[in-house]
file entry-v8.txt (compact mmCIF, C-alpha atoms and all ligand atoms)
# COMPACT_ATOMS: atom_id res chain seq x y z
CA MET A 168 0.85 -21.70 31.66
CA ALA A 169 1.29 -23.19 28.20
CA LEU A 170 -1.13 -21.82 25.67
CA VAL A 171 -3.44 -24.35 24.13
CA ALA A 172 -3.91 -22.97 20.62
CA LYS A 173 -7.06 -25.00 19.96
CA LEU A 174 -8.81 -23.45 22.97
CA VAL A 175 -7.98 -19.95 21.72
CA LEU A 176 -9.38 -20.88 18.31
CA ASP A 177 -12.55 -22.29 19.91
CA LYS A 178 -12.98 -19.11 21.96
CA LYS A 179 -12.66 -16.75 19.01
CA ARG A 180 -14.81 -18.96 16.79
CA GLU A 181 -17.56 -18.64 19.40
CA GLY A 182 -17.16 -14.84 19.39
CA GLN A 183 -15.56 -14.50 22.83
CA SER A 184 -12.83 -11.99 23.72
CA LEU A 185 -9.28 -13.26 24.01
CA ASP A 186 -7.30 -12.06 27.00
CA SER A 187 -3.99 -10.22 26.68
CA ALA A 188 -1.85 -13.23 27.62
CA GLU A 189 -3.61 -15.47 25.10
CA ILE A 190 -2.99 -12.99 22.29
CA ARG A 191 0.63 -12.43 23.28
CA GLU A 192 1.40 -16.15 23.58
CA PHE A 193 -0.34 -16.99 20.30
CA ILE A 194 1.62 -14.35 18.39
CA ASP A 195 4.83 -15.31 20.14
CA GLY A 196 4.31 -19.00 19.26
CA PHE A 197 3.48 -18.15 15.67
CA THR A 198 6.58 -15.93 15.35
CA ARG A 199 8.84 -18.65 16.78
CA GLY A 200 7.19 -21.38 14.68
CA THR A 201 5.67 -23.40 17.53
CA ILE A 202 2.20 -22.41 16.34
CA PRO A 203 1.90 -23.57 12.74
CA ASP A 204 0.61 -21.46 9.84
CA TYR A 205 -2.66 -23.43 9.67
CA GLN A 206 -3.58 -22.47 13.24
CA MET A 207 -2.64 -18.83 12.65
CA SER A 208 -4.72 -18.84 9.44
CA ALA A 209 -7.66 -20.27 11.39
CA LEU A 210 -7.34 -17.55 14.03
CA ALA A 211 -7.11 -14.86 11.32
CA MET A 212 -10.31 -16.21 9.74
CA ALA A 213 -12.06 -16.32 13.13
CA ILE A 214 -11.01 -12.69 13.75
CA CYS A 215 -12.31 -11.72 10.30
CA CYS A 216 -15.69 -13.30 11.05
CA ARG A 217 -16.04 -12.48 14.76
CA GLY A 218 -14.03 -9.27 15.10
CA MET A 219 -12.02 -8.02 18.07
CA ASP A 220 -12.81 -5.25 20.53
CA GLU A 221 -10.57 -2.22 21.02
CA ARG A 222 -8.59 -3.77 23.86
CA GLU A 223 -7.97 -7.00 21.94
CA THR A 224 -6.92 -5.02 18.84
CA ALA A 225 -4.46 -2.96 20.91
CA ASP A 226 -3.07 -6.18 22.46
CA LEU A 227 -2.69 -7.75 19.03
CA ALA A 228 -0.89 -4.66 17.70
CA ASP A 229 1.36 -4.61 20.77
CA ALA A 230 2.22 -8.32 20.53
CA MET A 231 3.02 -7.96 16.83
CA THR A 232 5.08 -4.79 17.40
CA HIS A 233 7.17 -6.51 20.07
CA SER A 234 7.67 -9.69 18.04
CA GLY A 235 11.02 -8.13 17.02
CA THR A 236 13.22 -5.11 17.71
CA CYS A 237 11.70 -1.63 18.07
CA LEU A 238 13.74 1.30 16.75
CA SER A 239 14.00 4.80 18.14
CA TRP A 240 15.44 7.96 16.54
CA ASP A 241 16.83 11.25 17.77
CA VAL A 242 15.90 13.22 14.62
CA PRO A 243 12.35 14.21 13.53
CA THR A 244 10.82 11.17 11.83
CA ALA A 245 7.53 10.50 10.09
CA ASP A 246 5.92 7.92 7.83
CA LYS A 247 2.70 7.54 5.92
CA HIS A 248 0.87 4.30 5.32
CA SER A 249 -1.95 3.50 2.96
CA THR A 250 -4.47 0.82 3.86
CA GLY A 251 -4.13 -0.52 0.32
CA GLY A 252 -5.43 0.61 -3.01
CA VAL A 253 -5.31 -0.11 -6.72
CA GLY A 254 -2.59 1.77 -8.57
CA ASP A 255 -1.49 3.23 -5.24
CA LYS A 256 2.11 4.23 -5.93
CA LEU A 257 1.84 7.33 -3.73
CA SER A 258 4.50 6.22 -1.21
CA LEU A 259 7.09 6.34 -3.98
CA VAL A 260 6.47 10.09 -4.25
CA VAL A 261 5.32 11.01 -0.73
CA GLN A 262 8.13 9.46 1.34
CA PRO A 263 11.04 10.99 -0.65
CA LEU A 264 9.15 14.29 -0.73
CA ALA A 265 8.88 14.43 3.08
CA ALA A 266 12.56 13.43 3.29
CA ALA A 267 13.46 16.30 0.97
CA CYS A 268 11.78 18.62 3.50
CA GLY A 269 14.13 17.47 6.26
CA VAL A 270 12.10 14.72 7.89
CA ALA A 271 13.77 11.30 8.22
CA VAL A 272 11.48 8.57 6.90
CA PRO A 273 11.95 5.01 8.17
CA SER A 274 9.27 3.23 6.17
CA LEU A 275 8.41 -0.43 6.56
CA THR A 276 6.14 -1.21 3.69
CA GLY A 277 4.20 -4.20 2.41
CA ARG A 278 4.07 -6.58 -0.52
CA GLY A 279 0.90 -7.09 -2.55
CA LEU A 280 -2.08 -7.91 -0.36
CA GLY A 281 -5.40 -9.24 -1.64
CA ILE A 282 -6.23 -7.37 -4.83
CA THR A 283 -4.01 -4.41 -3.95
CA GLY A 284 -0.39 -4.01 -5.03
CA GLY A 285 2.46 -3.61 -2.57
CA THR A 286 5.04 -0.82 -2.55
CA ALA A 287 7.78 -3.40 -1.85
CA ASP A 288 6.93 -5.43 -4.96
CA LYS A 289 6.86 -2.26 -7.03
CA LEU A 290 10.26 -1.08 -5.78
CA GLU A 291 11.81 -4.49 -6.37
CA THR A 292 11.07 -4.25 -10.08
CA ILE A 293 14.03 -1.86 -10.09
CA PRO A 294 16.86 -4.32 -10.82
CA GLY A 295 19.02 -4.80 -7.71
CA TYR A 296 16.66 -3.02 -5.26
CA SER A 297 16.26 -5.13 -2.16
CA CYS A 298 13.58 -4.26 0.39
CA SER A 299 14.95 -6.82 2.86
CA GLN A 300 17.68 -4.99 4.74
CA PRO A 301 19.43 -5.86 7.99
CA LEU A 302 18.27 -3.51 10.71
CA GLY A 303 21.61 -1.71 10.98
CA ARG A 304 21.61 -1.02 7.24
CA PHE A 305 17.98 0.19 7.32
CA ARG A 306 18.99 2.68 10.00
CA GLU A 307 22.06 3.81 8.01
CA ILE A 308 20.00 4.38 4.84
CA VAL A 309 17.38 6.43 6.72
CA LEU A 310 20.09 8.63 8.19
CA SER A 311 22.09 9.03 4.95
CA ALA A 312 19.47 9.11 2.17
CA GLY A 313 16.74 10.50 4.43
CA VAL A 314 14.37 7.68 3.51
CA SER A 315 14.39 3.92 3.35
CA MET A 316 11.51 1.81 2.12
CA ALA A 317 12.04 -1.72 3.33
CA VAL A 318 10.01 -4.73 4.50
CA GLN A 319 9.40 -6.47 7.78
CA THR A 320 12.21 -8.95 8.47
CA ASP A 321 13.03 -11.60 11.08
CA GLU A 322 14.49 -8.70 13.10
CA ILE A 323 11.71 -6.11 12.86
CA ALA A 324 7.96 -6.82 12.89
CA PRO A 325 8.51 -10.54 12.08
CA ALA A 326 4.97 -11.48 13.16
CA ASP A 327 3.53 -9.14 10.52
CA LYS A 328 5.96 -10.48 7.91
CA LYS A 329 4.56 -14.01 8.39
CA LEU A 330 0.93 -13.09 8.99
CA TYR A 331 0.74 -10.61 6.09
CA ALA A 332 1.82 -13.32 3.62
CA LEU A 333 -0.72 -15.78 5.06
CA ARG A 334 -3.59 -13.28 5.01
CA ASP A 335 -2.86 -12.49 1.38
CA VAL A 336 -3.70 -16.06 0.33
CA THR A 337 -6.32 -17.08 2.89
CA GLY A 338 -9.02 -14.47 2.29
CA THR A 339 -8.32 -12.80 5.65
CA VAL A 340 -7.35 -9.28 4.63
CA ALA A 341 -10.52 -7.22 5.02
CA SER A 342 -10.74 -7.07 8.81
CA ILE A 343 -10.33 -3.84 10.79
CA PRO A 344 -8.50 -5.43 13.78
CA LEU A 345 -6.10 -7.33 11.50
CA ILE A 346 -5.40 -4.27 9.34
CA VAL A 347 -4.90 -2.01 12.38
CA ALA A 348 -2.55 -4.48 14.08
CA SER A 349 -0.63 -5.12 10.86
CA ILE A 350 -0.11 -1.45 10.06
CA LEU A 351 0.56 -0.29 13.63
CA SER A 352 3.01 -3.10 14.32
CA LYS A 353 5.21 -2.01 11.40
CA LYS A 354 4.87 1.70 12.11
CA LEU A 355 5.48 1.43 15.87
CA ALA A 356 8.44 -0.94 15.43
CA GLU A 357 10.14 1.31 12.85
CA GLY A 358 9.89 4.10 15.44
CA ALA A 359 8.50 6.96 13.30
CA GLY A 360 7.42 9.77 15.66
CA SER A 361 4.59 11.03 13.41
CA LEU A 362 2.25 8.84 11.40
CA VAL A 363 -0.10 9.74 8.57
CA PHE A 364 -2.64 7.19 7.39
CA ASP A 365 -4.24 7.21 3.96
CA VAL A 366 -7.37 5.14 4.48
CA LYS A 367 -8.79 3.98 1.19
CA CYS A 368 -12.53 3.71 0.68
CA GLY A 369 -14.47 2.24 -2.22
CA ARG A 370 -14.59 -0.55 -4.78
CA GLY A 371 -10.83 -1.06 -4.94
CA ALA A 372 -10.27 -0.84 -1.16
CA PHE A 373 -10.69 -3.30 1.69
CA MET A 374 -13.12 -0.83 3.26
CA LYS A 375 -16.01 -0.46 0.81
CA THR A 376 -18.13 1.99 2.81
CA ARG A 377 -17.53 5.43 4.34
CA GLU A 378 -18.56 4.09 7.76
CA ASP A 379 -15.99 1.27 7.70
CA ALA A 380 -13.25 3.51 6.30
CA SER A 381 -13.91 6.17 8.96
CA ALA A 382 -13.89 3.51 11.67
CA LEU A 383 -10.55 2.20 10.39
CA ALA A 384 -9.10 5.73 10.23
CA ARG A 385 -10.22 6.45 13.81
CA ALA A 386 -8.81 3.14 15.06
CA LEU A 387 -5.42 3.80 13.40
CA VAL A 388 -5.14 7.36 14.73
CA ALA A 389 -6.26 6.32 18.25
CA GLY A 390 -3.84 3.36 18.28
CA ALA A 391 -0.92 5.51 17.14
CA LYS A 392 -1.71 8.26 19.66
CA SER A 393 -2.08 5.83 22.53
CA ALA A 394 1.38 4.52 21.64
CA GLY A 395 2.72 8.08 22.02
CA ARG A 396 2.94 9.08 18.34
CA LYS A 397 1.51 12.14 16.60
CA ALA A 398 -1.02 10.99 14.03
CA ALA A 399 -3.42 12.15 11.31
CA ALA A 400 -5.50 10.36 8.69
CA LEU A 401 -7.23 11.10 5.42
CA VAL A 402 -10.05 8.95 4.09
CA THR A 403 -9.65 8.94 0.32
CA ARG A 404 -11.71 7.66 -2.58
CA MET A 405 -10.69 4.37 -4.18
CA ASP A 406 -13.40 3.64 -6.74
CA GLU A 407 -11.20 4.09 -9.80
CA PRO A 408 -7.46 3.28 -9.80
CA LEU A 409 -5.15 6.01 -8.49
CA GLY A 410 -3.37 7.58 -11.42
CA TYR A 411 -2.89 5.68 -14.66
CA ALA A 412 -0.75 2.62 -13.99
CA VAL A 413 -1.83 -0.55 -12.18
CA GLY A 414 0.87 -3.17 -11.84
CA ASN A 415 4.44 -2.89 -10.65
CA ALA A 416 7.12 -1.49 -13.00
CA ASN A 417 4.55 0.69 -14.75
CA GLU A 418 3.61 2.24 -11.39
CA VAL A 419 7.26 2.98 -10.59
CA ARG A 420 7.59 4.63 -14.01
CA GLU A 421 4.57 6.83 -13.27
CA ALA A 422 5.96 7.83 -9.85
CA ILE A 423 9.40 8.65 -11.31
CA ALA A 424 7.75 10.80 -13.97
CA VAL A 425 5.98 12.83 -11.27
CA LEU A 426 9.20 13.17 -9.28
CA SER A 427 10.85 14.35 -12.52
CA GLY A 428 8.34 17.15 -12.89
CA GLU A 429 6.23 15.68 -15.73
CA GLU A 430 3.02 17.41 -14.82
CA SER A 431 0.67 15.30 -16.88
CA ALA A 432 2.16 11.98 -15.72
CA MET A 433 -0.51 11.74 -13.02
CA PRO A 434 -3.89 13.46 -12.71
CA ALA A 435 -3.50 16.77 -10.85
CA GLU A 436 -5.76 15.64 -7.96
CA VAL A 437 -3.45 12.67 -7.32
CA VAL A 438 -0.35 14.88 -7.28
CA ASP A 439 -2.22 17.16 -4.87
CA LEU A 440 -2.91 14.16 -2.62
CA CYS A 441 0.82 13.29 -2.64
CA VAL A 442 1.61 16.85 -1.56
CA GLU A 443 -1.08 16.81 1.14
CA LEU A 444 0.14 13.53 2.65
CA ALA A 445 3.78 14.65 2.64
CA ALA A 446 2.76 18.05 4.08
CA LEU A 447 0.93 16.33 6.96
CA MET A 448 4.07 14.32 7.72
CA VAL A 449 6.24 17.45 7.65
CA SER A 450 3.80 19.53 9.66
CA LEU A 451 3.49 16.90 12.42
CA ALA A 452 7.18 15.97 12.54
CA LYS A 453 8.59 19.51 12.43
CA ASP A 454 5.69 21.11 14.27
CA VAL A 455 5.09 23.73 11.56
CA PRO A 456 1.74 25.02 10.17
CA LEU A 457 0.26 22.81 7.48
CA ASP A 458 0.18 25.68 4.94
CA ASP A 459 3.94 26.22 5.32
CA ALA A 460 4.56 22.49 5.01
CA ARG A 461 2.46 22.37 1.81
CA GLU A 462 4.47 25.21 0.31
CA GLU A 463 7.75 23.52 1.18
CA CYS A 464 6.57 20.21 -0.32
CA ARG A 465 5.51 21.90 -3.58
CA ALA A 466 8.92 23.58 -3.80
CA ARG A 467 10.86 20.33 -3.19
CA LEU A 468 8.79 18.52 -5.81
CA ALA A 469 9.41 21.28 -8.34
CA ASP A 470 13.16 21.71 -7.71
CA GLY A 471 13.99 18.00 -7.95
CA GLY A 472 14.80 17.64 -4.22
CA ALA A 473 12.31 14.78 -3.84
CA LYS A 474 13.67 13.02 -6.91
CA ARG A 475 17.22 13.19 -5.53
CA ARG A 476 16.05 11.55 -2.29
CA PHE A 477 14.35 8.82 -4.28
CA GLU A 478 17.49 8.19 -6.35
CA GLU A 479 19.70 8.10 -3.25
CA MET A 480 17.34 5.63 -1.58
CA VAL A 481 17.26 3.39 -4.66
CA SER A 482 21.02 3.27 -4.95
CA ALA A 483 21.47 2.67 -1.19
CA HIS A 484 19.14 -0.34 -1.56
CA GLY A 485 21.25 -1.69 -4.45
CA GLY A 486 18.85 -0.58 -7.20
CA ASP A 487 19.95 0.51 -10.67
CA LEU A 488 17.65 2.96 -12.44
CA ARG A 489 19.45 2.55 -15.79
CA ARG A 490 18.69 -1.17 -15.76
CA PHE A 491 15.11 -0.25 -14.82
CA GLU A 492 14.86 1.83 -18.02
CA ALA A 493 16.13 -1.21 -19.96
CA LEU A 494 13.50 -3.39 -18.27
CA LEU A 495 10.74 -1.01 -19.35
CA ALA A 496 12.03 -1.10 -22.91
CA ARG A 497 12.01 -4.93 -23.04
CA PRO A 498 9.67 -6.53 -25.56
CA ALA A 499 6.42 -7.58 -23.93
CA PHE A 500 2.98 -8.74 -25.01
CA ARG A 501 0.56 -5.83 -25.16
CA PHE A 502 -3.12 -5.51 -25.98
CA ARG A 503 -4.98 -2.26 -26.28
CA ILE A 504 -8.70 -1.85 -25.63
CA GLN A 505 -10.72 0.90 -27.25
CA ALA A 506 -14.00 2.66 -26.57
CA MET A 507 -16.87 1.14 -28.52
CA ARG A 508 -18.94 4.31 -28.25
CA SER A 509 -18.42 8.02 -27.78
CA GLY A 510 -19.29 9.69 -24.50
CA PHE A 511 -17.87 10.34 -21.04
CA VAL A 512 -15.98 7.85 -18.91
CA SER A 513 -18.29 7.70 -15.90
CA GLY A 514 -16.66 4.83 -14.02
CA ILE A 515 -13.53 2.63 -14.03
CA ASP A 516 -14.09 -0.18 -11.55
CA ALA A 517 -10.83 -0.40 -9.58
CA GLU A 518 -11.56 -3.90 -8.32
CA LYS A 519 -12.11 -5.25 -11.84
CA VAL A 520 -8.93 -3.55 -13.10
CA ALA A 521 -6.99 -5.02 -10.16
CA ARG A 522 -8.29 -8.51 -10.85
CA VAL A 523 -7.23 -8.26 -14.48
CA ALA A 524 -3.77 -7.04 -13.45
CA LEU A 525 -3.49 -9.98 -11.02
CA SER A 526 -4.55 -12.44 -13.71
CA LEU A 527 -1.78 -11.10 -15.93
CA GLY A 528 0.81 -11.87 -13.23
CA ALA A 529 1.08 -8.61 -11.27
CA GLY A 530 0.31 -10.32 -7.92
CA ARG A 531 0.48 -13.65 -6.11
CA GLU A 532 -1.99 -16.51 -5.80
CA ARG A 533 0.19 -18.47 -3.36
CA VAL A 534 2.82 -17.45 -0.81
CA GLY A 535 6.13 -17.19 -2.64
CA ASP A 536 4.69 -16.86 -6.20
CA ARG A 537 6.90 -14.81 -8.51
CA ILE A 538 5.56 -11.55 -9.88
CA ASP A 539 5.95 -10.53 -13.53
CA PRO A 540 7.40 -7.00 -13.18
CA LEU A 541 5.91 -5.86 -16.48
CA ALA A 542 2.45 -7.33 -15.93
CA GLY A 543 -0.31 -4.80 -15.48
CA VAL A 544 -2.75 -2.37 -16.95
CA THR A 545 -2.07 1.21 -17.96
CA LEU A 546 -5.12 3.40 -18.34
CA ALA A 547 -5.34 5.94 -21.15
CA VAL A 548 -8.33 7.75 -19.61
CA LYS A 549 -9.72 8.74 -16.22
CA VAL A 550 -13.25 9.16 -14.93
CA GLY A 551 -14.73 12.36 -16.37
CA ASP A 552 -12.74 12.22 -19.64
CA ARG A 553 -14.61 12.57 -22.92
CA VAL A 554 -13.85 9.76 -25.40
CA SER A 555 -14.69 9.13 -29.03
CA SER A 556 -15.58 5.74 -30.37
CA GLY A 557 -12.31 3.90 -31.14
CA ALA A 558 -10.22 5.96 -28.70
CA PRO A 559 -7.81 3.94 -26.51
CA LEU A 560 -9.06 3.16 -23.00
CA ALA A 561 -6.18 1.09 -21.62
CA THR A 562 -3.29 -1.24 -22.46
CA LEU A 563 -2.74 -4.66 -20.90
CA GLU A 564 0.81 -5.91 -20.66
CA ARG A 565 2.79 -8.97 -19.58
CA SER A 566 6.33 -10.29 -20.21
CA SER A 567 5.48 -13.68 -21.66
CA ASP A 568 2.66 -15.86 -22.92
CA PRO A 569 0.15 -14.06 -25.14
CA ASP A 570 -2.47 -16.73 -24.26
CA GLY A 571 -5.30 -15.32 -22.25
CA LEU A 572 -4.47 -11.72 -23.08
CA GLU A 573 -7.58 -11.35 -25.22
CA ASN A 574 -9.83 -12.82 -22.50
CA ALA A 575 -8.25 -10.51 -19.95
CA ALA A 576 -8.90 -7.61 -22.32
CA ALA A 577 -12.57 -8.57 -22.53
CA GLU A 578 -12.73 -8.59 -18.70
CA LEU A 579 -10.98 -5.23 -18.53
CA TYR A 580 -13.46 -3.72 -20.94
CA LYS A 581 -16.22 -4.51 -18.39
CA ALA A 582 -14.50 -2.19 -15.88
CA PHE A 583 -15.35 0.88 -17.99
CA SER A 584 -18.68 2.68 -18.00
CA ILE A 585 -19.24 5.20 -20.78
CA THR A 586 -22.31 7.43 -20.63
CA SER A 587 -23.59 10.32 -22.67
CA LYS A 588 -23.60 12.71 -19.69
CA PRO A 589 -20.48 13.57 -17.67
CA PRO A 590 -20.39 12.01 -14.18
CA GLU A 591 -20.68 14.10 -11.04
CA LYS A 592 -17.26 15.14 -9.72
CA VAL A 593 -16.46 13.61 -6.30
CA PRO A 594 -13.39 14.91 -4.42
CA LEU A 595 -10.49 12.50 -3.82
CA VAL A 596 -10.24 13.37 -0.13
CA LEU A 597 -13.46 12.39 1.63
CA GLU A 598 -12.54 13.09 5.23
CA SER A 599 -9.66 14.40 7.25
CA LEU A 600 -8.94 13.54 10.91
N1 LIG A 701 -1.43 -2.51 4.84
C1 LIG A 701 -0.80 -3.26 5.80
O1 LIG A 701 0.36 -3.04 6.08
N2 LIG A 701 -1.49 -4.21 6.39
C2 LIG A 701 -2.77 -4.48 6.11
O2 LIG A 701 -3.33 -5.36 6.72
C3 LIG A 701 -3.43 -3.70 5.12
C4 LIG A 701 -2.73 -2.71 4.50
call {"tool": "encode", "arguments": {"input": "entry-v8.txt", "output": "structure tokens"}}
result
Amino acid sequence: MALVAKLVLDKKREGQSLDSAEIREFIDGFTRGTIPDYQMSALAMAICCRGMDERETADLADAMTHSGTCLSWDVPTADKHSTGGVGDKLSLVVQPLAAACGVAVPSLTGRGLGITGGTADKLETIPGYSCSQPLGRFREIVLSAGVSMAVQTDEIAPADKKLYALRDVTGTVASIPLIVASILSKKLAEGAGSLVFDVKCGRGAFMKTREDASALARALVAGAKSAGRKAAALVTRMDEPLGYAVGNANEVREAIAVLSGEESAMPAEVVDLCVELAALMVSLAKDVPLDDAREECRARLADGGAKRRFEEMVSAHGGDLRRFEALLARPAFRFRIQAMRSGFVSGIDAEKVARVALSLGAGRERVGDRIDPLAGVTLAVKVGDRVSSGAPLATLERSSDPDGLENAAAELYKAFSITSKPPEKVPLVLESL
């Protein structure tokens, strides 16, 4: 029976459950182009407002997974996926690190979504790096370099490729069923046998509360397990940006510095989180105790094994790290903001920092917008640091057009709270499941 899209929209708008066939046919029609973007956007908005139950979410994930080819592997494979954060460049360290420990990492990753940056956009600031790879090439890179970070294509997870871009510009990101289906469809289609989810929680995350973040973590782990994968999740704090850089090229620079052994390039707790996520991947995929996996990950980070995997992946994707260095050295417009009083940095509002980075050109307002690779914010301090009046807090940067930089700087200043007492220390990992 032909699906009548308008009836499905009416049903979800009224808060009713959609049946499996309706979900499958809607996603199939959207993937093939017989259901236009405006009807898919309307359904996404109805799902955001009305929700979906567990069965509907599983059906949506399944329909999106099977919108293209599903891969399988005969070597131990794992992947980790973050639900989206500000300054979240962890995949650039974690995935090569797990690969250096002997786990193959087929990683379908995303572009910027809502206020959060996307690993794919960050990687593509490396001149020549292409995240869009034919399926056969993606498989070859995983098996030769040990890791490939690529995007959904018309061959693999095409429904997520189209829906992800629509959600980014239609205010339909922060919905547990849509996030679960989006993430699981990529992860199940790429075929990774073990999945680790980094569920972000706080001001710079789609899930603002512990309850919502825990619910999302449980839904991801349950969905992955019911599809026959091993799975674990961490709920991690996302109130201040992760690390120092928020943007694209500046985040890649920060990740490369960590892979190169520059200890102070990232706060120690963020490096520890990279190691923990990679260790979970290794422990699940190779079936070894977590402590042993942690030790192996620390060793491969220290001896340059992870960096070599990263370099091999970049060159297999066509990227040129020497031209990346030249890009970073290009003249750009910069503006530095300074503390107006002495004290302790007690908060750096990740959402505000992300919005400033977006306004500078680090993200998209419309599908297809071009990103300025150099646009972004680089923090000079982290929460808990002591600052003196006049000390640098952050630098704003963009490739062209100095207009608006001063206004953006004034906005960025509002993201910082400076108090006379040091803030209470809250751990980065809030929950583990
Ligand atoms: N990451 C994804 O891949 N999809 C989402 O919807 C959110 C984060």
call {"tool": "closest_atom_pairs", "arguments": {"input": "entry-v8.txt", "of": "chain A", "to": "ligand LIG 701 (chain A)", "cutoff": "10 Å", "atoms": "only C-alpha atoms and all ligand atoms", "output": "CSV"}}
result
residue,atom,partner,partner_atom,distance
A:His248,CA,A:LIG701,N1,7.2
A:Ser249,CA,A:LIG701,N1,6.3
A:Thr250,CA,A:LIG701,C4,4.0
A:Gly251,CA,A:LIG701,C4,4.9
A:Gly252,CA,A:LIG701,C4,8.6
A:Leu275,CA,A:LIG701,O1,8.5
A:Thr276,CA,A:LIG701,O1,6.5
A:Gly277,CA,A:LIG701,O1,5.4
A:Arg278,CA,A:LIG701,O1,8.4
A:Gly279,CA,A:LIG701,N1,9.0
A:Leu280,CA,A:LIG701,C3,7.0
A:Gly281,CA,A:LIG701,C3,9.0
A:Thr283,CA,A:LIG701,C4,8.7
A:Gly284,CA,A:LIG701,C4,9.9
A:Gly285,CA,A:LIG701,N1,8.4
A:Thr286,CA,A:LIG701,N1,10.0
A:Val318,CA,A:LIG701,O1,9.9
A:Gln319,CA,A:LIG701,O1,9.8
A:Asp327,CA,A:LIG701,N2,8.2
A:Lys328,CA,A:LIG701,O1,9.5
A:Leu330,CA,A:LIG701,O2,9.1
A:Tyr331,CA,A:LIG701,O2,6.7
A:Ala332,CA,A:LIG701,O2,10.0
A:Arg334,CA,A:LIG701,O2,8.1
A:Asp335,CA,A:LIG701,O2,8.9
A:Thr339,CA,A:LIG701,O2,9.0
A:Val340,CA,A:LIG701,O2,6.0
A:Ala341,CA,A:LIG701,O2,7.6
A:Ser342,CA,A:LIG701,O2,7.9
A:Ile343,CA,A:LIG701,O2,8.2
A:Pro344,CA,A:LIG701,O2,8.8
A:Leu345,CA,A:LIG701,O2,5.9
A:Ile346,CA,A:LIG701,O2,3.5
A:Val347,CA,A:LIG701,O2,6.8
A:Ala348,CA,A:LIG701,O2,7.5
A:Ser349,CA,A:LIG701,N2,4.6
A:Ile350,CA,A:LIG701,O1,4.3
A:Leu351,CA,A:LIG701,O1,8.0
A:Ser352,CA,A:LIG701,O1,8.7
A:Lys353,CA,A:LIG701,O1,7.3
A:Lys354,CA,A:LIG701,O1,8.9
A:Val366,CA,A:LIG701,C4,9.1
A:Lys367,CA,A:LIG701,C4,9.6
A:Ala372,CA,A:LIG701,C4,9.6
A:Phe373,CA,A:LIG701,C3,8.0
call {"tool": "write_last_selection", "arguments": {"input": "entry-v8.txt", "atoms": "C-alpha atoms", "output": "compact mmCIF listing (two decimals), in the frame of the given file"}}
result
# COMPACT_ATOMS: atom_id res chain seq x y z
CA HIS A 248 0.87 4.30 5.32
CA SER A 249 -1.95 3.50 2.96
CA THR A 250 -4.47 0.82 3.86
CA GLY A 251 -4.13 -0.52 0.32
CA GLY A 252 -5.43 0.61 -3.01
CA LEU A 275 8.41 -0.43 6.56
CA THR A 276 6.14 -1.21 3.69
CA GLY A 277 4.20 -4.20 2.41
CA ARG A 278 4.07 -6.58 -0.52
CA GLY A 279 0.90 -7.09 -2.55
CA LEU A 280 -2.08 -7.91 -0.36
CA GLY A 281 -5.40 -9.24 -1.64
CA THR A 283 -4.01 -4.41 -3.95
CA GLY A 284 -0.39 -4.01 -5.03
CA GLY A 285 2.46 -3.61 -2.57
CA THR A 286 5.04 -0.82 -2.55
CA VAL A 318 10.01 -4.73 4.50
CA GLN A 319 9.40 -6.47 7.78
CA ASP A 327 3.53 -9.14 10.52
CA LYS A 328 5.96 -10.48 7.91
CA LEU A 330 0.93 -13.09 8.99
CA TYR A 331 0.74 -10.61 6.09
CA ALA A 332 1.82 -13.32 3.62
CA ARG A 334 -3.59 -13.28 5.01
CA ASP A 335 -2.86 -12.49 1.38
CA THR A 339 -8.32 -12.80 5.65
CA VAL A 340 -7.35 -9.28 4.63
CA ALA A 341 -10.52 -7.22 5.02
CA SER A 342 -10.74 -7.07 8.81
CA ILE A 343 -10.33 -3.84 10.79
CA PRO A 344 -8.50 -5.43 13.78
CA LEU A 345 -6.10 -7.33 11.50
CA ILE A 346 -5.40 -4.27 9.34
CA VAL A 347 -4.90 -2.01 12.38
CA ALA A 348 -2.55 -4.48 14.08
CA SER A 349 -0.63 -5.12 10.86
CA ILE A 350 -0.11 -1.45 10.06
CA LEU A 351 0.56 -0.29 13.63
CA SER A 352 3.01 -3.10 14.32
CA LYS A 353 5.21 -2.01 11.40
CA LYS A 354 4.87 1.70 12.11
CA VAL A 366 -7.37 5.14 4.48
CA LYS A 367 -8.79 3.98 1.19
CA ALA A 372 -10.27 -0.84 -1.16
CA PHE A 373 -10.69 -3.30 1.69
call {"tool": "atom_distance", "arguments": {"input": "entry-v8.txt", "atom1": "CA of Ile282 (chain A)", "atom2": "CA of Leu525 (chain A)"}}
result
7.3 Å
call {"tool": "atom_distance", "arguments": {"input": "entry-v8.txt", "atom1": "CA of Asp439 (chain A)", "atom2": "CA of Lys588 (chain A)"}}
result
26.4 Å
call {"tool": "closest_residue", "arguments": {"input": "entry-v8.txt", "among": "A:Ile214, A:Ala398, A:Ala287, A:Ala172", "to": "Ile202 (chain A)", "atoms": "all atoms listed in the file"}}
result
A:Ala172
call {"tool": "closest_residue", "arguments": {"input": "entry-v8.txt", "among": "A:Gly182, A:Pro434, A:Pro243, A:Gly235", "to": "Val449 (chain A)", "atoms": "all atoms listed in the file"}}
result
A:Pro243
call {"tool": "residues_around", "arguments": {"input": "entry-v8.txt", "residues": "Gln300 (chain A)", "least_positions_apart": "2", "cutoff": "9 Å", "atoms": "all atoms listed in the file", "output": "list in words"}}
result
Ser297, Cys298, Leu302, Gly303, Arg304, Phe305, Ala317, Val318, Gln319, Thr320 and His484 of chain A
call {"tool": "residues_near_point", "arguments": {"input": "entry-v8.txt", "point": "(-4.1, 13.1, 12.2)", "cutoff": "7 Å", "atoms": "only C-alpha atoms", "output": "ChimeraX atom specification"}}
result
/A:363,388,398-400,600
